[in-house]
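**Student:** For reference, this is run-v3.cif, and it has mmCIF, C-alpha atoms and all ligand atoms.
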data_entry
#
loop_
_atom_site.label_atom_id
_atom_site.label_comp_id
_atom_site.auth_asym_id
_atom_site.auth_seq_id
_atom_site.Cartn_x
_atom_site.Cartn_y
_atom_site.Cartn_z
CA MET B 17 50.34 -18.42 24.53
CA GLY B 18 53.01 -19.80 26.87
CA ASN B 19 55.31 -17.29 28.44
CA LYS B 20 55.04 -14.69 25.74
CA LYS B 21 54.57 -11.16 27.00
CA THR B 22 51.34 -9.43 26.05
CA ILE B 23 51.10 -6.35 23.88
CA LEU B 24 48.09 -4.14 23.33
CA SER B 25 47.72 -1.05 21.21
CA GLY B 26 45.19 0.73 19.08
CA ILE B 27 44.43 3.64 16.81
CA GLN B 28 41.26 5.68 16.71
CA ALA B 29 38.99 5.35 13.71
CA THR B 30 38.76 9.10 13.28
CA GLY B 31 40.32 10.42 10.06
CA ASN B 32 42.69 8.83 7.56
CA LEU B 33 45.83 7.28 8.97
CA THR B 34 49.07 9.16 8.44
CA LEU B 35 52.72 8.41 7.97
CA GLY B 36 53.05 9.48 11.64
CA ASN B 37 50.69 6.68 12.73
CA TYR B 38 52.66 4.23 10.61
CA LEU B 39 56.17 5.22 11.68
CA GLY B 40 55.25 6.00 15.30
CA ALA B 41 53.04 3.00 15.98
CA ILE B 42 52.21 0.38 13.32
CA LYS B 43 55.78 -0.15 12.12
CA ASN B 44 56.79 -1.16 15.65
CA TRP B 45 53.81 -3.47 15.99
CA ILE B 46 54.87 -5.46 12.96
CA LYS B 47 58.27 -6.14 14.49
CA MET B 48 56.60 -7.52 17.62
CA GLN B 49 54.18 -10.02 16.16
CA ASP B 50 56.46 -13.05 16.38
CA GLU B 51 57.82 -12.46 19.81
CA TYR B 52 54.71 -11.36 21.73
CA ASP B 53 51.06 -12.22 22.23
CA CYS B 54 49.66 -9.17 20.46
CA TYR B 55 46.25 -7.50 20.66
CA TYR B 56 45.68 -4.69 18.17
CA MET B 57 42.37 -2.92 18.18
CA ILE B 58 40.59 -0.20 16.30
CA ALA B 59 39.60 2.29 19.00
CA ASP B 60 36.16 3.01 17.60
CA LEU B 61 34.64 3.88 20.98
CA HIS B 62 37.32 6.51 21.52
CA SER B 63 36.33 7.99 18.16
CA LEU B 64 32.94 8.91 19.60
CA THR B 65 34.53 11.64 21.73
CA VAL B 66 34.27 13.84 18.63
CA ARG B 67 31.26 14.09 16.32
CA ASN B 68 31.24 11.71 13.37
CA ASP B 69 28.94 10.87 10.52
CA PRO B 70 27.87 7.32 11.55
CA GLU B 71 28.36 5.83 8.08
CA VAL B 72 31.76 7.45 7.75
CA LEU B 73 32.82 6.12 11.14
CA ARG B 74 31.82 2.57 10.18
CA LYS B 75 33.77 2.91 6.94
CA ARG B 76 36.82 4.31 8.73
CA ALA B 77 36.87 1.46 11.22
CA LEU B 78 37.13 -1.04 8.36
CA GLN B 79 39.74 1.12 6.66
CA VAL B 80 41.91 1.11 9.78
CA LEU B 81 41.53 -2.65 9.99
CA ALA B 82 42.54 -2.96 6.32
CA ILE B 83 45.58 -0.74 6.93
CA TYR B 84 46.71 -2.90 9.84
CA VAL B 85 46.64 -6.00 7.69
CA ALA B 86 48.01 -4.30 4.56
CA ALA B 87 50.92 -2.89 6.57
CA GLY B 88 51.92 -6.40 7.57
CA LEU B 89 50.02 -7.44 10.71
CA ASP B 90 49.19 -11.11 10.19
CA PRO B 91 45.65 -11.89 11.44
CA ASP B 92 46.74 -15.43 12.26
CA LYS B 93 49.53 -14.26 14.52
CA ASN B 94 47.81 -11.25 16.13
CA THR B 95 44.41 -10.69 17.68
CA ILE B 96 42.94 -7.87 15.60
CA PHE B 97 39.55 -6.52 16.63
CA LEU B 98 37.21 -3.58 17.09
CA GLN B 99 37.12 -2.13 20.60
CA SER B 100 33.30 -1.91 20.54
CA HIS B 101 33.03 -5.66 19.92
CA VAL B 102 34.54 -6.62 23.26
CA ASP B 103 32.20 -5.61 26.09
CA ALA B 104 34.85 -6.16 28.72
CA HIS B 105 36.42 -2.79 27.82
CA VAL B 106 33.34 -0.77 28.78
CA LYS B 107 32.69 -2.87 31.87
CA LEU B 108 36.16 -2.28 33.21
CA ASN B 109 35.98 1.34 32.11
CA TRP B 110 33.12 2.02 34.50
CA ILE B 111 34.89 0.39 37.41
CA LEU B 112 38.12 2.26 36.73
CA ASN B 113 36.22 5.56 36.49
CA CYS B 114 35.47 5.08 40.16
CA TYR B 115 39.19 4.76 40.91
CA THR B 116 40.37 7.78 38.92
CA TYR B 117 40.44 11.31 40.29
CA MET B 118 39.18 14.42 38.53
CA GLY B 119 42.47 16.11 39.40
CA GLU B 120 44.44 13.44 37.54
CA LEU B 121 42.29 13.76 34.45
CA ASN B 122 42.52 17.54 34.61
CA ARG B 123 46.26 17.31 34.02
CA MET B 124 45.99 15.46 30.71
CA THR B 125 47.45 17.57 27.93
CA GLN B 126 45.50 15.76 25.22
CA PHE B 127 42.26 16.79 26.94
CA LYS B 128 43.41 20.40 26.98
CA ASP B 129 44.44 20.28 23.30
CA LYS B 130 41.29 18.51 22.17
CA SER B 131 38.96 20.75 24.14
CA ALA B 132 40.60 23.79 22.58
CA LYS B 133 40.08 22.20 19.15
CA HIS B 134 36.48 21.16 19.81
CA ALA B 135 35.34 24.03 22.01
CA ASP B 136 31.71 23.44 21.04
CA ASN B 137 31.76 19.82 22.20
CA ILE B 138 33.76 19.37 25.40
CA ASN B 139 31.95 16.23 26.46
CA SER B 140 32.69 14.06 29.48
CA GLY B 141 33.87 11.24 27.19
CA LEU B 142 36.71 13.49 26.09
CA PHE B 143 37.55 14.07 29.74
CA THR B 144 37.45 10.40 30.76
CA TYR B 145 39.11 9.22 27.52
CA PRO B 146 42.26 8.05 29.37
CA VAL B 147 40.19 5.82 31.68
CA LEU B 148 38.78 3.89 28.72
CA MET B 149 42.32 3.65 27.41
CA ALA B 150 43.45 2.29 30.79
CA ALA B 151 40.63 -0.28 30.61
CA ASP B 152 41.73 -1.28 27.07
CA ILE B 153 45.19 -2.05 28.37
CA LEU B 154 44.48 -3.50 31.81
CA VAL B 155 41.69 -5.80 30.64
CA TYR B 156 44.35 -7.89 28.85
CA ASN B 157 46.98 -7.48 31.54
CA ALA B 158 49.21 -6.11 28.79
CA ASP B 159 52.91 -5.82 29.62
CA LEU B 160 53.83 -3.43 26.83
CA VAL B 161 51.97 -0.74 24.92
CA PRO B 162 53.66 0.44 21.70
CA VAL B 163 52.57 4.02 21.00
CA GLY B 164 53.95 7.36 19.88
CA GLU B 165 55.35 9.90 22.32
CA ASP B 166 52.05 11.82 22.58
CA GLN B 167 50.49 8.88 24.45
CA ARG B 168 53.10 8.70 27.22
CA GLN B 169 50.97 10.63 29.69
CA HIS B 170 48.04 8.28 29.11
CA LEU B 171 50.30 5.34 29.90
CA GLU B 172 51.38 7.00 33.11
CA ILE B 173 47.83 7.49 34.33
CA THR B 174 47.07 3.86 33.37
CA ARG B 175 49.92 2.73 35.59
CA ASP B 176 48.72 4.95 38.43
CA ILE B 177 45.18 3.58 38.23
CA ALA B 178 46.46 -0.02 38.12
CA GLU B 179 48.75 0.51 41.09
CA ARG B 180 45.97 2.16 43.07
CA PHE B 181 43.62 -0.75 42.38
CA ASN B 182 46.29 -3.33 43.23
CA SER B 183 47.10 -1.59 46.48
CA ILE B 184 43.47 -1.71 47.58
CA TYR B 185 42.51 -5.19 46.36
CA GLY B 186 45.83 -7.03 46.00
CA GLU B 187 47.67 -8.08 42.81
CA THR B 188 45.11 -7.77 40.03
CA PHE B 189 46.60 -5.86 37.13
CA VAL B 190 49.97 -6.10 35.45
CA ILE B 191 51.57 -2.65 35.49
CA PRO B 192 52.06 -1.90 31.79
CA GLU B 193 54.96 -0.10 30.21
CA ALA B 194 54.95 2.23 27.25
CA PHE B 195 57.06 1.08 24.33
CA ILE B 196 58.08 4.20 22.46
CA GLY B 197 60.55 3.88 19.58
CA GLU B 198 63.65 6.04 19.74
CA GLN B 199 63.16 7.33 16.25
CA GLY B 200 59.77 8.12 14.81
CA ALA B 201 58.08 8.54 18.16
CA ARG B 202 57.06 11.99 17.02
CA ILE B 203 56.87 12.62 13.29
CA MET B 204 56.26 16.31 12.75
CA GLY B 205 54.10 18.13 10.24
CA LEU B 206 55.62 18.99 6.85
CA GLN B 207 54.36 22.57 6.99
CA ASP B 208 54.81 23.09 10.71
CA PRO B 209 57.68 20.89 11.83
CA THR B 210 57.26 22.07 15.41
CA ALA B 211 53.88 20.28 15.79
CA LYS B 212 53.15 16.57 15.36
CA MET B 213 51.79 15.26 12.07
CA SER B 214 48.15 14.66 12.89
CA LYS B 215 45.34 12.92 11.05
CA SER B 216 42.95 15.67 12.08
CA ALA B 217 45.15 18.44 10.63
CA THR B 218 43.37 21.16 8.69
CA ASN B 219 46.26 21.92 6.33
CA LEU B 220 46.46 18.81 4.13
CA ASN B 221 49.97 19.72 2.95
CA ASP B 222 51.15 19.19 6.52
CA VAL B 223 50.35 15.49 6.43
CA ILE B 224 51.18 12.42 4.35
CA PHE B 225 48.18 10.11 4.46
CA LEU B 226 48.80 6.43 3.97
CA ASN B 227 46.39 6.49 1.03
CA ASP B 228 47.93 9.52 -0.72
CA ASN B 229 48.83 8.88 -4.35
CA PRO B 230 52.47 9.26 -5.55
CA GLU B 231 51.77 12.61 -7.22
CA ASP B 232 50.37 14.11 -4.02
CA ILE B 233 53.26 12.72 -2.00
CA ARG B 234 55.79 14.31 -4.37
CA LYS B 235 53.93 17.63 -4.30
CA LYS B 236 53.70 17.67 -0.52
CA LEU B 237 57.40 16.92 -0.19
CA LYS B 238 58.29 19.70 -2.60
CA LYS B 239 56.32 22.13 -0.46
CA ALA B 240 57.72 20.84 2.85
CA VAL B 241 59.18 23.60 5.02
CA THR B 242 62.97 23.47 5.42
CA ASP B 243 65.41 26.38 6.00
CA SER B 244 67.74 28.55 3.97
CA GLU B 245 70.98 26.60 4.59
CA ASN B 246 70.53 24.07 1.80
CA CYS B 247 72.59 21.57 3.78
CA VAL B 248 71.26 18.16 4.88
CA HIS B 249 72.31 18.10 8.51
CA TYR B 250 70.48 16.78 11.59
CA ASP B 251 69.76 19.48 14.16
CA LYS B 252 66.29 19.19 15.66
CA GLU B 253 66.45 22.54 17.44
CA ASN B 254 67.63 24.75 14.63
CA LYS B 255 66.60 22.72 11.57
CA PRO B 256 63.32 21.06 12.58
CA GLY B 257 62.01 20.67 9.01
CA VAL B 258 65.10 18.99 7.57
CA SER B 259 65.59 16.89 10.72
CA ASN B 260 62.02 15.61 10.47
CA LEU B 261 62.49 14.65 6.82
CA MET B 262 65.74 12.92 7.75
CA THR B 263 63.93 10.95 10.46
CA ILE B 264 61.27 9.86 7.98
CA TYR B 265 63.87 8.90 5.38
CA GLY B 266 66.03 7.11 7.95
CA LEU B 267 63.13 5.00 9.22
CA LEU B 268 61.98 4.06 5.74
CA GLU B 269 65.43 3.28 4.36
CA GLU B 270 66.90 2.01 7.64
CA LYS B 271 69.70 4.56 7.59
CA THR B 272 71.26 6.52 10.43
CA MET B 273 71.34 10.31 10.45
CA GLN B 274 75.11 10.24 9.75
CA GLU B 275 74.62 7.98 6.76
CA ILE B 276 71.99 10.33 5.38
CA GLU B 277 74.21 13.38 5.91
CA LYS B 278 76.97 11.61 3.99
CA GLU B 279 74.64 10.58 1.19
CA PHE B 280 73.62 14.18 0.56
CA VAL B 281 76.93 15.98 0.95
CA GLY B 282 77.13 18.61 -1.77
CA LYS B 283 73.51 18.05 -2.78
CA GLY B 284 70.71 20.51 -2.14
CA TYR B 285 67.26 20.21 -0.61
CA GLY B 286 65.68 19.55 -4.01
CA ASP B 287 67.54 16.23 -4.39
CA PHE B 288 66.99 15.35 -0.75
CA LYS B 289 63.26 16.03 -0.84
CA SER B 290 62.77 13.95 -3.95
CA ALA B 291 64.70 11.06 -2.37
CA VAL B 292 62.41 11.26 0.67
CA ALA B 293 59.34 11.37 -1.57
CA GLU B 294 60.50 8.29 -3.52
CA ALA B 295 61.21 6.39 -0.29
CA ILE B 296 57.66 7.11 0.89
CA VAL B 297 56.13 6.14 -2.45
CA LYS B 298 58.15 2.91 -2.50
CA LYS B 299 56.95 1.98 0.99
CA LEU B 300 53.32 2.95 0.47
CA GLN B 301 52.65 1.49 -2.97
CA PRO B 302 52.50 -2.20 -1.94
CA LEU B 303 50.63 -1.26 1.23
CA GLN B 304 48.03 0.65 -0.79
CA GLN B 305 47.61 -2.19 -3.24
CA LYS B 306 46.92 -4.70 -0.48
CA TYR B 307 44.67 -2.17 1.25
CA CYS B 308 42.49 -1.75 -1.86
CA GLU B 309 42.24 -5.52 -2.32
CA LEU B 310 41.10 -5.94 1.27
CA LEU B 311 38.50 -3.19 1.07
CA GLU B 312 37.05 -4.91 -1.96
CA ASN B 313 36.65 -8.03 0.11
CA PRO B 314 34.51 -7.08 3.15
CA LYS B 315 33.90 -10.77 3.92
CA GLU B 316 37.57 -11.29 4.64
CA LEU B 317 37.63 -8.23 6.90
CA LYS B 318 34.57 -9.53 8.75
CA THR B 319 36.21 -12.92 9.29
CA ILE B 320 39.25 -11.19 10.75
CA TYR B 321 37.36 -8.98 13.19
CA GLU B 322 34.95 -11.71 14.28
CA LYS B 323 37.75 -14.09 15.08
CA GLY B 324 39.66 -11.27 16.81
CA ALA B 325 36.71 -10.25 18.99
CA LYS B 326 36.20 -13.81 20.16
CA LYS B 327 39.85 -14.31 21.07
CA ALA B 328 39.98 -10.94 22.79
CA ALA B 329 36.83 -11.62 24.83
CA ASP B 330 38.16 -15.03 25.91
CA ARG B 331 41.14 -13.29 27.39
CA ALA B 332 39.39 -10.23 28.84
CA ASP B 333 36.20 -11.68 30.35
CA PRO B 334 37.85 -13.59 33.21
CA ILE B 335 39.81 -10.46 34.15
CA VAL B 336 36.59 -8.44 34.42
CA LYS B 337 35.02 -11.19 36.54
CA ASP B 338 37.98 -11.09 38.88
CA VAL B 339 37.61 -7.30 39.19
CA TYR B 340 33.82 -7.53 39.75
CA GLN B 341 34.41 -10.04 42.50
CA LYS B 342 37.09 -7.92 44.15
CA VAL B 343 35.10 -4.69 44.21
CA GLY B 344 32.08 -6.40 45.73
CA LEU B 345 29.70 -7.19 42.89
CA ILE B 346 27.86 -10.51 42.71
CA VAL B 347 29.40 -12.29 39.74
CA ASN B 348 26.78 -13.83 37.49
CA GLU B 349 28.54 -16.99 36.27
P1 LIG Z 401 44.77 13.01 16.20
O1 LIG Z 401 45.95 13.83 15.89
O2 LIG Z 401 43.57 13.28 15.38
O3 LIG Z 401 44.47 12.94 17.66
P2 LIG Z 401 46.52 10.84 15.74
O4 LIG Z 401 47.03 10.96 14.36
O5 LIG Z 401 47.38 11.23 16.87
O6 LIG Z 401 45.10 11.55 15.82
P3 LIG Z 401 45.81 8.51 17.17
O7 LIG Z 401 44.74 7.53 16.94
O8 LIG Z 401 45.59 9.46 18.29
O9 LIG Z 401 46.07 9.35 15.90
O10 LIG Z 401 47.19 7.79 17.35
C1 LIG Z 401 47.46 6.48 16.97
C2 LIG Z 401 48.90 6.12 17.25
O11 LIG Z 401 49.76 6.78 16.34
C3 LIG Z 401 49.38 6.49 18.65
O12 LIG Z 401 50.26 5.49 19.11
C4 LIG Z 401 50.12 7.77 18.42
O13 LIG Z 401 51.09 7.99 19.40
C5 LIG Z 401 50.76 7.50 17.06
N1 LIG Z 401 51.01 8.75 16.36
C6 LIG Z 401 50.09 9.62 15.90
N2 LIG Z 401 50.68 10.65 15.29
C7 LIG Z 401 52.01 10.44 15.37
C8 LIG Z 401 53.16 11.17 14.93
N3 LIG Z 401 53.03 12.31 14.30
N4 LIG Z 401 54.37 10.65 15.16
C9 LIG Z 401 54.50 9.46 15.82
N5 LIG Z 401 53.47 8.74 16.26
C10 LIG Z 401 52.23 9.20 16.04
N1 LIG Z 402 44.49 7.04 22.64
C1 LIG Z 402 45.24 6.30 21.68
C2 LIG Z 402 44.44 5.23 21.01
C3 LIG Z 402 44.19 4.17 21.99
C4 LIG Z 402 45.16 3.29 22.54
C5 LIG Z 402 44.46 2.48 23.47
C6 LIG Z 402 46.53 3.13 22.36
C7 LIG Z 402 43.00 3.88 22.58
N2 LIG Z 402 43.16 2.87 23.46
C8 LIG Z 402 45.12 1.53 24.22
C9 LIG Z 402 47.18 2.15 23.11
C10 LIG Z 402 46.48 1.38 24.03
C11 LIG Z 402 45.75 7.24 20.66
O1 LIG Z 402 46.69 6.88 20.07
N3 LIG Z 402 45.19 8.36 20.49
#
Rewrite the structure of this file - the entire thing - as C-alpha cells.

**Tutor:**
Amino acid sequence: MGNKKTILSGIQATGNLTLGNYLGAIKNWIKMQDEYDCYYMIADLHSLTVRNDPEVLRKRALQVLAIYVAAGLDPDKNTIFLQSHVDAHVKLNWILNCYTYMGELNRMTQFKDKSAKHADNINSGLFTYPVLMAADILVYNADLVPVGEDQRQHLEITRDIAERFNSIYGETFVIPEAFIGEQGARIMGLQDPTAKMSKSATNLNDVIFLNDNPEDIRKKLKKAVTDSENCVHYDKENKPGVSNLMTIYGLLEEKTMQEIEKEFVGKGYGDFKSAVAEAIVKKLQPLQQKYCELLENPKELKTIYEKGAKKAADRADPIVKDVYQKVGLIVNE
C-alpha cells in the first residue's frame, strides 16, 4: 500500500443505521477511500454487549455491510470485513485488557450511559468495550479513526493504552488520531435536539433511519421540534432544533449555514422542513436502491466479506505476533 496512511473504523451491528451514522461517520469514510489504506469493519463482537436475537444479529451484520457498499465504499479500494472474522482482534484484546486499568474504564461516559439503559445486563463486555475497540484500531496500526464526536473518549483511551504499551516494550503501536468532521460530528434527535440521534432510540420519530421510505421521512420532518420564531437562523444554544436541521441540510446539499439562512429569508419552517425532507429523500433513494439489490445477492456480500477478512488478517496477524513476542509468549510460527 506504499506510503498511504491507514484508516480504520466501524459501526456496531445493533439496530438500523441512522442518518447520524451516515453524516457523522460513513460520509467521511467515502471521501477517504482514494487517499488512504482503509479498513472498515462491522463491529459484530461489540454488538454482543447487549442482548440480541442471534438470527437478527446475523441479518443486521449483512445489512450494515450492504449499507457501506450502497453508500459508496468500493470493496476493491477498501478492506471491508466483519470484526468476528479476524481473530487478531480478540487476541490483542486480551493482551490489552492486561494493560488497561479499571479506573480508566470507570471514567467512560458511554459505559455509564449504556449501563443506565441496560440496567438488567451490565456485563463485563460492556465495561471492557473500549479495550476491544483499542485492539480493533491498534491491530492495524491505524493512523486515523474517522468517527462521530461520541467516540472521542474511546480514542483517547486507545492512545493511552498504546502509549503505555510502547513505553514498556518499545515502539510497537502507531498512536492513532481521531478524525472527527467539523460538521455532522453530532447529529441530534429530531424530537429531542439536545441528545444525539441514536439507532437504539425508543421514539422512532426522533430518528431518520437509512432505510426509511420517503413518506416516513416527510412525516418525521414535519413533526421535528423547532421553536416559535419561525426564522431559519443558526444558533445551536437557543435554537437547537433548527440548527440541527440546518446542519443536516448543509451536509447533504453542501451549503454553509449562511447560505441556508439566505435561502430561507422570509420563508417559514414549513418550507424549510420540506426542503430538508426532500434533500434527505434525494440522498437516500439511490442508496436504498443499491442496498436492496445487494441484499438480494448474498453471494456478492459473502465474496466481499471473505476477501476483506483475508486482507485484514494478513495485515493484523504479524502485529499480534510481534506483541506476543514482546510480552513474553512463545510464538507458534
Ligand atoms: P447507539 O446509539 O445505539 O449506541 P450509534 O447510533 O451511536 O448506536 P454506533 O455503532 O455506536 O451507533 O456508531 C457508529 C458511528 O456513527 C460512530 O462513529 C459514531 O460516532 C457515529 N454516530 C452515531 N450517531 C451519530 C450522530 N447522531 N451524529 C454523528 N455521528 C454519529
Ligand atoms: N464503538 C464504535 C464502533 C467501533 C469502532 C471501532 C469505531 C468498534 N470498534 C474501532 C472505530 C474504530 C461506535 O461507534 N460505537

**Student:** Just want the residues within 6 Å of ligand LIG 402 (chain Z), written as a list in words, counting all atoms listed in the file.

**Tutor:**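 Going residue by residue within 6 Å of ligand LIG 402 (chain Z), we get Leu24, Ser25, Gly26, Ile27, Gln28, Ala59, Met149, Asp152, Ile153 and Val161 of chain B.
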
**Student:** Rounded to one decimal place, report the atom C7 of ligand LIG 401 (chain Z)-CA of Lys235 in chain B distance in Å.

**Tutor:**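 The value is 21.0 Å.
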
**Student:** Identify which of the residues B:Gly205, B:Asn254, B:Pro230, B:Met262 lies closest to Thr218 in chain B, counting all atoms listed in the file when measuring atom-to-atom distances.

**Tutor:**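 Ranking B:Gly205, B:Asn254, B:Pro230, B:Met262 by distance to Thr218 in chain B, first place goes to B:Gly205.
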
**Student:** Ligand LIG 401 (chain Z): which residues are within 7 Å, counting all atoms listed in the file, as a PyMOL selection string?

**Tutor:** chain B and resi 26-31+33-34+36-41+162-167+200-204+212-216

**Student:** For the atom pair CA of Gln207 in chain B and CA of Leu81 in chain B, what is the interatomic distance in Å to one decimal place?

**Tutor:**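 Going from CA of Gln207 in chain B over to CA of Leu81 in chain B, I get 28.5 Å.
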
**Student:** Selecting N, CA and C atoms, how would range 286-312 of chain B from this structure be written as an mmCIF file, in the first residue's frame?

**Tutor:**
data_model
loop_
_atom_site.group_PDB
_atom_site.id
_atom_site.type_symbol
_atom_site.label_atom_id
_atom_site.label_comp_id
_atom_site.auth_asym_id
_atom_site.auth_seq_id
_atom_site.Cartn_x
_atom_site.Cartn_y
_atom_site.Cartn_z
ATOM 1 N N GLY B 286 -42.219 25.648 7.671
ATOM 2 C CA GLY B 286 -42.872 24.644 6.818
ATOM 3 C C GLY B 286 -42.049 24.413 5.560
ATOM 4 N N ASP B 287 -41.706 25.519 4.864
ATOM 5 C CA ASP B 287 -40.905 25.422 3.634
ATOM 6 C C ASP B 287 -39.540 24.809 3.924
ATOM 7 N N PHE B 288 -38.944 25.265 5.016
ATOM 8 C CA PHE B 288 -37.600 24.794 5.352
ATOM 9 C C PHE B 288 -37.610 23.286 5.620
ATOM 10 N N LYS B 289 -38.578 22.862 6.433
ATOM 11 C CA LYS B 289 -38.629 21.430 6.766
ATOM 12 C C LYS B 289 -38.869 20.582 5.525
ATOM 13 N N SER B 290 -39.710 21.079 4.606
ATOM 14 C CA SER B 290 -39.914 20.214 3.434
ATOM 15 C C SER B 290 -38.673 20.214 2.542
ATOM 16 N N ALA B 291 -37.908 21.298 2.519
ATOM 17 C CA ALA B 291 -36.651 21.271 1.746
ATOM 18 C C ALA B 291 -35.672 20.270 2.369
ATOM 19 N N VAL B 292 -35.624 20.225 3.697
ATOM 20 C CA VAL B 292 -34.714 19.271 4.357
ATOM 21 C C VAL B 292 -35.164 17.844 4.041
ATOM 22 N N ALA B 293 -36.489 17.629 4.135
ATOM 23 C CA ALA B 293 -37.011 16.281 3.855
ATOM 24 C C ALA B 293 -36.642 15.855 2.432
ATOM 25 N N GLU B 294 -36.828 16.773 1.460
ATOM 26 C CA GLU B 294 -36.529 16.396 0.065
ATOM 27 C C GLU B 294 -35.033 16.127 -0.135
ATOM 28 N N ALA B 295 -34.199 16.885 0.561
ATOM 29 C CA ALA B 295 -32.748 16.653 0.440
ATOM 30 C C ALA B 295 -32.394 15.262 0.977
ATOM 31 N N ILE B 296 -33.057 14.863 2.056
ATOM 32 C CA ILE B 296 -32.780 13.527 2.628
ATOM 33 C C ILE B 296 -33.262 12.445 1.661
ATOM 34 N N VAL B 297 -34.493 12.634 1.167
ATOM 35 C CA VAL B 297 -35.061 11.636 0.244
ATOM 36 C C VAL B 297 -34.152 11.484 -0.981
ATOM 37 N N LYS B 298 -33.712 12.625 -1.511
ATOM 38 C CA LYS B 298 -32.870 12.605 -2.721
ATOM 39 C C LYS B 298 -31.566 11.837 -2.462
ATOM 40 N N LYS B 299 -30.994 12.010 -1.285
ATOM 41 C CA LYS B 299 -29.740 11.334 -0.952
ATOM 42 C C LYS B 299 -29.974 9.841 -0.711
ATOM 43 N N LEU B 300 -31.088 9.525 -0.036
ATOM 44 C CA LEU B 300 -31.271 8.134 0.387
ATOM 45 C C LEU B 300 -31.839 7.222 -0.704
ATOM 46 N N GLN B 301 -32.570 7.806 -1.665
ATOM 47 C CA GLN B 301 -33.211 6.921 -2.646
ATOM 48 C C GLN B 301 -32.226 6.036 -3.421
ATOM 49 N N PRO B 302 -31.163 6.602 -4.006
ATOM 50 C CA PRO B 302 -30.219 5.730 -4.728
ATOM 51 C C PRO B 302 -29.506 4.752 -3.787
ATOM 52 N N LEU B 303 -29.225 5.231 -2.577
ATOM 53 C CA LEU B 303 -28.569 4.358 -1.596
ATOM 54 C C LEU B 303 -29.466 3.149 -1.278
ATOM 55 N N GLN B 304 -30.756 3.434 -1.084
ATOM 56 C CA GLN B 304 -31.685 2.356 -0.742
ATOM 57 C C GLN B 304 -31.847 1.362 -1.886
ATOM 58 N N GLN B 305 -31.821 1.892 -3.101
ATOM 59 C CA GLN B 305 -31.983 1.009 -4.254
ATOM 60 C C GLN B 305 -30.819 0.026 -4.349
ATOM 61 N N LYS B 306 -29.620 0.566 -4.204
ATOM 62 C CA LYS B 306 -28.413 -0.275 -4.252
ATOM 63 C C LYS B 306 -28.418 -1.265 -3.086
ATOM 64 N N TYR B 307 -28.846 -0.768 -1.938
ATOM 65 C CA TYR B 307 -28.898 -1.597 -0.719
ATOM 66 C C TYR B 307 -29.812 -2.814 -0.948
ATOM 67 N N CYS B 308 -30.992 -2.584 -1.517
ATOM 68 C CA CYS B 308 -31.924 -3.688 -1.754
ATOM 69 C C CYS B 308 -31.336 -4.670 -2.747
ATOM 70 N N GLU B 309 -30.685 -4.165 -3.801
ATOM 71 C CA GLU B 309 -30.072 -5.060 -4.785
ATOM 72 C C GLU B 309 -29.026 -5.950 -4.116
ATOM 73 N N LEU B 310 -28.225 -5.349 -3.262
ATOM 74 C CA LEU B 310 -27.160 -6.119 -2.603
ATOM 75 C C LEU B 310 -27.729 -7.188 -1.679
ATOM 76 N N LEU B 311 -28.791 -6.814 -0.940
ATOM 77 C CA LEU B 311 -29.353 -7.797 -0.006
ATOM 78 C C LEU B 311 -29.987 -8.973 -0.735
ATOM 79 N N GLU B 312 -30.379 -8.713 -1.988
ATOM 80 C CA GLU B 312 -30.934 -9.819 -2.771
ATOM 81 C C GLU B 312 -29.826 -10.700 -3.345
#
